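> File protein_8.pdb follows (PDB, C-alpha atoms):
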```
MODEL        1
ATOM      1  CA  MET A   1    -131.622  52.325-116.519
ATOM      2  CA  THR A   2    -130.925  49.424-118.854
ATOM      3  CA  THR A   3    -133.876  48.812-121.132
ATOM      4  CA  ILE A   4    -134.889  45.950-123.394
ATOM      5  CA  PRO A   5    -136.966  46.690-126.517
ATOM      6  CA  ASP A   6    -140.549  45.472-126.288
ATOM      7  CA  ASN A   7    -140.255  43.714-129.639
ATOM      8  CA  ALA A   8    -137.164  41.732-128.661
ATOM      9  CA  ASN A   9    -138.876  38.352-128.663
ATOM     10  CA  ASP A  10    -141.740  38.596-131.161
ATOM     11  CA  ALA A  11    -143.735  35.421-131.601
ATOM     12  CA  GLY A  12    -143.279  33.597-134.875
ATOM     13  CA  ARG A  13    -139.684  34.696-135.365
ATOM     14  CA  ASP A  14    -137.273  32.483-137.296
ATOM     15  CA  THR A  15    -134.088  33.925-135.811
ATOM     16  CA  LEU A  16    -132.871  32.658-132.480
ATOM     17  CA  THR A  17    -132.691  35.231-129.686
ATOM     18  CA  ALA A  18    -130.584  35.625-126.572
ATOM     19  CA  VAL A  19    -130.873  37.794-123.504
ATOM     20  CA  ALA A  20    -127.880  38.486-121.276
ATOM     21  CA  LEU A  21    -128.587  39.194-117.626
ATOM     22  CA  VAL A  22    -125.507  41.003-116.357
ATOM     23  CA  CYS A  23    -125.185  40.612-112.605
ATOM     24  CA  THR A  24    -122.535  43.220-111.848
ATOM     25  CA  LEU A  25    -122.999  45.015-108.537
ATOM     26  CA  LYS A  26    -122.546  48.328-110.361
ATOM     27  CA  LYS A  27    -125.395  50.393-111.755
ATOM     28  CA  SER A  28    -125.191  52.038-115.174
ATOM     29  CA  PRO A  29    -123.291  53.920-116.446
ATOM     30  CA  ASP A  30    -120.352  52.602-114.384
ATOM     31  CA  GLY A  31    -118.018  50.372-116.357
ATOM     32  CA  SER A  32    -118.448  46.633-115.900
ATOM     33  CA  SER A  33    -116.116  43.812-116.883
ATOM     34  CA  SER A  34    -119.026  41.367-116.623
ATOM     35  CA  GLU A  35    -121.008  43.418-119.107
ATOM     36  CA  LEU A  36    -118.036  43.667-121.464
ATOM     37  CA  LEU A  37    -117.606  39.893-121.573
ATOM     38  CA  ALA A  38    -121.364  39.465-122.045
ATOM     39  CA  GLN A  39    -121.253  41.912-124.954
ATOM     40  CA  GLN A  40    -118.414  39.945-126.523
ATOM     41  CA  LEU A  41    -120.360  36.710-126.144
ATOM     42  CA  LEU A  42    -123.436  38.285-127.733
ATOM     43  CA  ALA A  43    -121.249  39.490-130.605
ATOM     44  CA  GLU A  44    -120.126  35.904-131.183
ATOM     45  CA  LEU A  45    -123.730  34.708-130.963
ATOM     46  CA  ALA A  46    -124.637  37.278-133.620
ATOM     47  CA  LYS A  47    -122.188  35.523-135.944
ATOM     48  CA  GLU A  48    -124.303  32.407-135.386
ATOM     49  CA  ASP A  49    -127.489  34.316-136.366
ATOM     50  CA  VAL A  50    -128.639  34.798-132.799
ATOM     51  CA  GLU A  51    -130.050  38.240-131.983
ATOM     52  CA  GLY A  52    -129.088  39.345-128.483
ATOM     53  CA  GLU A  53    -129.474  42.122-125.962
ATOM     54  CA  ILE A  54    -128.384  42.992-122.456
ATOM     55  CA  ALA A  55    -130.087  43.898-119.204
ATOM     56  CA  ARG A  56    -127.961  44.981-116.253
ATOM     57  CA  VAL A  57    -129.953  43.544-113.380
ATOM     58  CA  SER A  58    -128.747  46.097-110.828
ATOM     59  CA  ASP A  59    -130.493  48.801-112.889
ATOM     60  CA  PHE A  60    -133.828  47.187-112.038
ATOM     61  CA  ASP A  61    -135.640  46.929-108.707
ATOM     62  CA  VAL A  62    -135.596  43.151-108.401
ATOM     63  CA  HIS A  63    -137.080  42.190-105.047
ATOM     64  CA  PRO A  64    -135.823  39.241-102.986
ATOM     65  CA  GLY A  65    -138.052  36.202-103.150
ATOM     66  CA  ILE A  66    -138.763  32.965-104.997
ATOM     67  CA  THR A  67    -142.009  33.778-106.801
ATOM     68  CA  ALA A  68    -142.569  35.119-110.302
ATOM     69  CA  ASP A  69    -143.835  38.457-108.956
ATOM     70  CA  GLU A  70    -143.134  39.756-105.457
ATOM     71  CA  GLY A  71    -145.392  42.795-105.957
ATOM     72  CA  GLY A  72    -144.857  46.310-104.641
ATOM     73  CA  GLY A  73    -143.005  47.613-107.682
ATOM     74  CA  ASP A  74    -140.968  44.466-108.271
ATOM     75  CA  GLU A  75    -139.382  44.737-111.736
ATOM     76  CA  TRP A  76    -138.447  41.092-112.072
ATOM     77  CA  PRO A  77    -141.582  40.182-114.080
ATOM     78  CA  GLY A  78    -140.360  42.277-117.013
ATOM     79  CA  LEU A  79    -136.973  40.568-116.990
ATOM     80  CA  ARG A  80    -138.643  37.194-116.535
ATOM     81  CA  SER A  81    -140.763  37.704-119.637
ATOM     82  CA  ARG A  82    -137.629  38.368-121.703
ATOM     83  CA  VAL A  83    -135.953  35.231-120.422
ATOM     84  CA  ALA A  84    -139.110  33.250-121.174
ATOM     85  CA  GLY A  85    -139.193  34.655-124.711
ATOM     86  CA  ALA A  86    -135.538  34.018-125.553
ATOM     87  CA  ASP A  87    -133.871  30.851-126.785
ATOM     88  CA  VAL A  88    -130.588  31.470-124.968
ATOM     89  CA  LEU A  89    -129.910  32.940-121.537
ATOM     90  CA  VAL A  90    -126.473  34.420-120.902
ATOM     91  CA  LEU A  91    -125.864  34.804-117.179
ATOM     92  CA  ALA A  92    -122.853  37.030-116.510
ATOM     93  CA  THR A  93    -121.371  37.575-113.063
ATOM     94  CA  PRO A  94    -118.220  38.708-111.316
ATOM     95  CA  ILE A  95    -116.632  36.491-108.689
ATOM     96  CA  TRP A  96    -116.889  37.875-105.162
ATOM     97  CA  LEU A  97    -115.396  36.024-102.214
ATOM     98  CA  GLY A  98    -115.107  32.914-104.363
ATOM     99  CA  HIS A  99    -118.825  32.835-105.245
ATOM    100  CA  PRO A 100    -121.231  34.230-107.841
ATOM    101  CA  CYS A 101    -122.129  37.755-106.747
ATOM    102  CA  SER A 102    -125.306  38.403-104.773
ATOM    103  CA  VAL A 103    -127.147  39.721-107.837
ATOM    104  CA  ALA A 104    -126.554  36.447-109.696
ATOM    105  CA  GLN A 105    -127.795  34.503-106.676
ATOM    106  CA  ARG A 106    -130.936  36.622-106.604
ATOM    107  CA  VAL A 107    -131.541  35.937-110.296
ATOM    108  CA  LEU A 108    -131.296  32.195-109.653
ATOM    109  CA  GLU A 109    -133.653  32.495-106.695
ATOM    110  CA  ARG A 110    -136.214  34.352-108.780
ATOM    111  CA  LEU A 111    -135.828  31.918-111.697
ATOM    112  CA  ASN A 112    -136.479  29.100-109.240
ATOM    113  CA  ALA A 113    -140.180  29.900-109.525
ATOM    114  CA  GLU A 114    -140.040  28.464-113.055
ATOM    115  CA  SER A 115    -139.075  25.005-111.781
ATOM    116  CA  SER A 116    -142.681  24.412-110.744
ATOM    117  CA  GLU A 117    -144.198  25.836-113.950
ATOM    118  CA  THR A 118    -144.937  23.691-117.013
ATOM    119  CA  ASP A 119    -145.885  24.340-120.618
ATOM    120  CA  ASP A 120    -148.973  22.978-122.392
ATOM    121  CA  GLU A 121    -147.182  19.657-122.913
ATOM    122  CA  GLY A 122    -146.242  19.244-119.261
ATOM    123  CA  ARG A 123    -142.581  20.111-119.763
ATOM    124  CA  PRO A 124    -140.756  22.434-117.334
ATOM    125  CA  ALA A 125    -141.318  26.038-118.405
ATOM    126  CA  MET A 126    -137.642  26.610-119.214
ATOM    127  CA  ALA A 127    -137.089  23.253-120.903
ATOM    128  CA  GLY A 128    -135.870  23.819-124.437
ATOM    129  CA  LYS A 129    -133.961  26.957-123.486
ATOM    130  CA  VAL A 130    -130.181  27.063-123.420
ATOM    131  CA  ALA A 131    -128.141  28.753-120.682
ATOM    132  CA  VAL A 132    -124.483  29.760-120.785
ATOM    133  CA  THR A 133    -122.336  31.806-118.425
ATOM    134  CA  ALA A 134    -119.742  34.583-118.601
ATOM    135  CA  ILE A 135    -117.585  35.046-115.509
ATOM    136  CA  VAL A 136    -114.892  37.533-114.545
ATOM    137  CA  GLY A 137    -112.732  37.958-111.441
ATOM    138  CA  ASN A 138    -109.311  38.874-110.158
ATOM    139  CA  GLU A 139    -108.579  35.518-108.566
ATOM    140  CA  ASP A 140    -109.083  31.847-109.241
ATOM    141  CA  GLY A 141    -112.582  30.449-108.834
ATOM    142  CA  ALA A 142    -114.217  30.540-112.274
ATOM    143  CA  HIS A 143    -114.718  26.773-112.357
ATOM    144  CA  LYS A 144    -116.355  26.789-108.948
ATOM    145  CA  VAL A 145    -118.671  29.659-109.890
ATOM    146  CA  THR A 146    -119.514  27.943-113.182
ATOM    147  CA  ALA A 147    -120.461  24.806-111.253
ATOM    148  CA  ASP A 148    -122.684  26.787-108.886
ATOM    149  CA  LEU A 149    -124.515  28.527-111.717
ATOM    150  CA  PHE A 150    -124.879  25.437-113.893
ATOM    151  CA  GLN A 151    -126.342  23.380-111.053
ATOM    152  CA  GLY A 152    -129.004  25.998-110.403
ATOM    153  CA  LEU A 153    -129.780  26.578-114.082
ATOM    154  CA  ASP A 154    -130.055  22.835-114.719
ATOM    155  CA  ASP A 155    -132.429  22.409-111.766
ATOM    156  CA  ILE A 156    -134.611  25.198-113.140
ATOM    157  CA  GLY A 157    -134.833  23.433-116.513
ATOM    158  CA  PHE A 158    -132.278  25.084-118.784
ATOM    159  CA  SER A 159    -130.066  22.981-121.039
ATOM    160  CA  ILE A 160    -126.304  23.513-120.829
ATOM    161  CA  PRO A 161    -124.253  23.080-124.016
ATOM    162  CA  ALA A 162    -120.843  21.447-124.129
ATOM    163  CA  GLN A 163    -118.211  23.840-122.756
ATOM    164  CA  GLY A 164    -120.912  26.419-122.078
ATOM    165  CA  SER A 165    -118.938  28.937-120.019
ATOM    166  CA  THR A 166    -116.447  31.643-120.893
ATOM    167  CA  TYR A 167    -114.391  33.386-118.231
ATOM    168  CA  TRP A 168    -111.371  35.462-117.371
ATOM    169  CA  THR A 169    -109.574  35.609-114.060
ATOM    170  CA  GLY A 170    -106.635  37.865-113.327
ATOM    171  CA  GLU A 171    -103.620  37.313-111.145
ATOM    172  CA  ALA A 172    -104.385  36.314-107.574
ATOM    173  CA  MET A 173    -104.592  39.377-105.328
ATOM    174  CA  GLY A 174    -104.176  41.516-108.437
ATOM    175  CA  SER A 175    -105.891  44.784-109.305
ATOM    176  CA  VAL A 176    -106.412  44.509-113.077
ATOM    177  CA  ASP A 177    -110.006  44.237-114.321
ATOM    178  CA  TYR A 178    -110.963  42.500-117.545
ATOM    179  CA  ARG A 179    -112.098  45.797-119.051
ATOM    180  CA  ASP A 180    -108.630  47.252-118.380
ATOM    181  CA  LEU A 181    -106.902  44.807-120.723
ATOM    182  CA  ASP A 182    -105.441  46.225-123.938
ATOM    183  CA  GLN A 183    -106.806  43.291-125.910
ATOM    184  CA  VAL A 184    -108.846  40.157-125.375
ATOM    185  CA  PRO A 185    -106.589  37.177-124.576
ATOM    186  CA  ASP A 186    -106.609  34.581-127.357
ATOM    187  CA  ALA A 187    -107.812  31.855-124.994
ATOM    188  CA  VAL A 188    -110.781  33.963-123.885
ATOM    189  CA  ARG A 189    -111.622  34.940-127.464
ATOM    190  CA  SER A 190    -111.604  31.351-128.721
ATOM    191  CA  THR A 191    -113.541  30.097-125.709
ATOM    192  CA  THR A 192    -116.204  32.785-126.106
ATOM    193  CA  ALA A 193    -116.599  31.893-129.780
ATOM    194  CA  GLY A 194    -116.936  28.212-128.876
ATOM    195  CA  VAL A 195    -119.607  28.925-126.273
ATOM    196  CA  ALA A 196    -121.587  30.865-128.876
ATOM    197  CA  ARG A 197    -121.321  28.104-131.498
ATOM    198  CA  ASN A 198    -122.360  25.392-129.079
ATOM    199  CA  ALA A 199    -125.203  27.430-127.584
ATOM    200  CA  ALA A 200    -126.658  28.295-130.996
ATOM    201  CA  HIS A 201    -126.306  24.677-132.148
ATOM    202  CA  LEU A 202    -128.100  23.303-129.096
ATOM    203  CA  ALA A 203    -130.824  25.962-129.232
ATOM    204  CA  ARG A 204    -131.589  25.077-132.853
ATOM    205  CA  LEU A 205    -131.694  21.374-132.059
ATOM    206  CA  LEU A 206    -134.081  21.960-129.172
ATOM    207  CA  ARG A 207    -136.331  24.130-131.321
ATOM    208  CA  GLU A 208    -136.482  21.411-133.990
ATOM    209  CA  ARG A 209    -136.714  18.480-131.571
ATOM    210  CA  PRO A 210    -138.268  19.562-128.242
ATOM    211  CA  TYR A 211    -138.000  17.444-125.154
ATOM    212  CA  PRO A 212    -140.740  14.780-124.816
ATOM    213  CA  PRO A 213    -144.013  15.891-123.220
ATOM    214  CA  GLY A 214    -144.270  15.456-119.476
ATOM    215  CA  LYS A 215    -146.380  12.665-118.074
TER     216      LYS A 215
ENDMDL
END
```
Just dump the structure as structure tokens.

Amino acid sequence: MTTIPDNANDAGRDTLTAVALVCTLKKSPDGSSSELLAQQLLAELAKEDVEGEIARVSDFDVHPGITADEGGGDEWPGLRSRVAGADVLVLATPIWLGHPCSVAQRVLERLNAESSETDDEGRPAMAGKVAVTAIVGNEDGAHKVTADLFQGLDDIGFSIPAQGSTYWTGEAMGSVDYRDLDQVPDAVRSTTAGVARNAAHLARLLRERPYPPGK
């Protein structure tokens, strides 16, 4: 099972933090192209002084629903607390049938509970947090999946940086996975680095200058 250290998001920290929710359909220890791209994005974030870690959502018993805790052994609350404690959310998903995979959709549905929560200043609970995406697939569709994810994340309250998505798609009807490549394509490498720079920049701005209090 993927685990996240309990001290990942200590209060009073100066360093920015990121948590990557990897929405592959595969459980650990099976290889995952989505997880590989998320790891590469976290490595670029580390260069921007952002501490990051990964949770493979399929390793947790995340119940269907739209509340913060569905009870009965639901393990979403633990993941939710890490998202709430981080400055940057990385949402990584493969493309299946032209859409974000079902695990990513479940994550958005569970995060939807935060859209009705506010902080002490009346702001949405996730306001001030940055969200970026990492997408892989063997056919075109990354832009469409990015749009789907960004719409949901924006509704929930996350802020999206300029050019906040990195992705790789293989040849249509092909059989090569991202993790099978001999090296990272230059375009993917530069895009991933740009996502990290922009995400860290926006997260620092939002920490220094939060959104106005709600009315």
> Using all atoms listed in the file, find the one residue out of A:Ser175, A:Thr118, A:Ser165, A:Gln39 that sits nearest to A:Thr191.
A:Ser165
> Name the residues in contact with stretch 122-132 of chain A at a cut-off of 8 Å, using only C-alpha atoms, excluding same-chain residues fewer than 3 positions from it; report them as JSON, numbers by chain.
{"A": [84, 86, 87, 88, 89, 90, 91, 114, 115, 116, 117, 118, 119, 153, 156, 157, 158, 159, 160, 161, 164, 165, 195, 199, 202, 203, 206, 207, 210, 211, 212, 213, 214, 215]}
> I want to know what sits within 7 Å of A:Ala172, based on all atoms listed in the file, with residues of the same chain fewer than 6 positions away left out; could you give that as a VMD selection string?
chain A and resid 138 to 140
> I need the residue set behind the PyMOL selection byres ((chain A and resi 40) around 10) for this file; please write it as a PDB file with C-alpha atoms, in the coordinates of the input.

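Final output, result.pdb:
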```
ATOM      1  CA  GLU A  35    -121.008  43.418-119.107  1.00  0.00           C
ATOM      2  CA  LEU A  36    -118.036  43.667-121.464  1.00  0.00           C
ATOM      3  CA  LEU A  37    -117.606  39.893-121.573  1.00  0.00           C
ATOM      4  CA  ALA A  38    -121.364  39.465-122.045  1.00  0.00           C
ATOM      5  CA  GLN A  39    -121.253  41.912-124.954  1.00  0.00           C
ATOM      6  CA  LEU A  41    -120.360  36.710-126.144  1.00  0.00           C
ATOM      7  CA  LEU A  42    -123.436  38.285-127.733  1.00  0.00           C
ATOM      8  CA  ALA A  43    -121.249  39.490-130.605  1.00  0.00           C
ATOM      9  CA  GLU A  44    -120.126  35.904-131.183  1.00  0.00           C
ATOM     10  CA  LEU A  45    -123.730  34.708-130.963  1.00  0.00           C
ATOM     11  CA  ALA A  46    -124.637  37.278-133.620  1.00  0.00           C
ATOM     12  CA  ALA A 134    -119.742  34.583-118.601  1.00  0.00           C
ATOM     13  CA  VAL A 184    -108.846  40.157-125.375  1.00  0.00           C
ATOM     14  CA  ARG A 189    -111.622  34.940-127.464  1.00  0.00           C
ATOM     15  CA  THR A 192    -116.204  32.785-126.106  1.00  0.00           C
ATOM     16  CA  ALA A 193    -116.599  31.893-129.780  1.00  0.00           C
ATOM     17  CA  ALA A 196    -121.587  30.865-128.876  1.00  0.00           C
TER      18      ALA A 196
END
```
> Could you tell me, as a ChimeraX atom specification, exactly which residues end up selected when the PyMOL selection byres ((chain A and resi 143) around 12) is applied to this structure?
/A:95,98-100,133-137,139-142,144-150,163-169
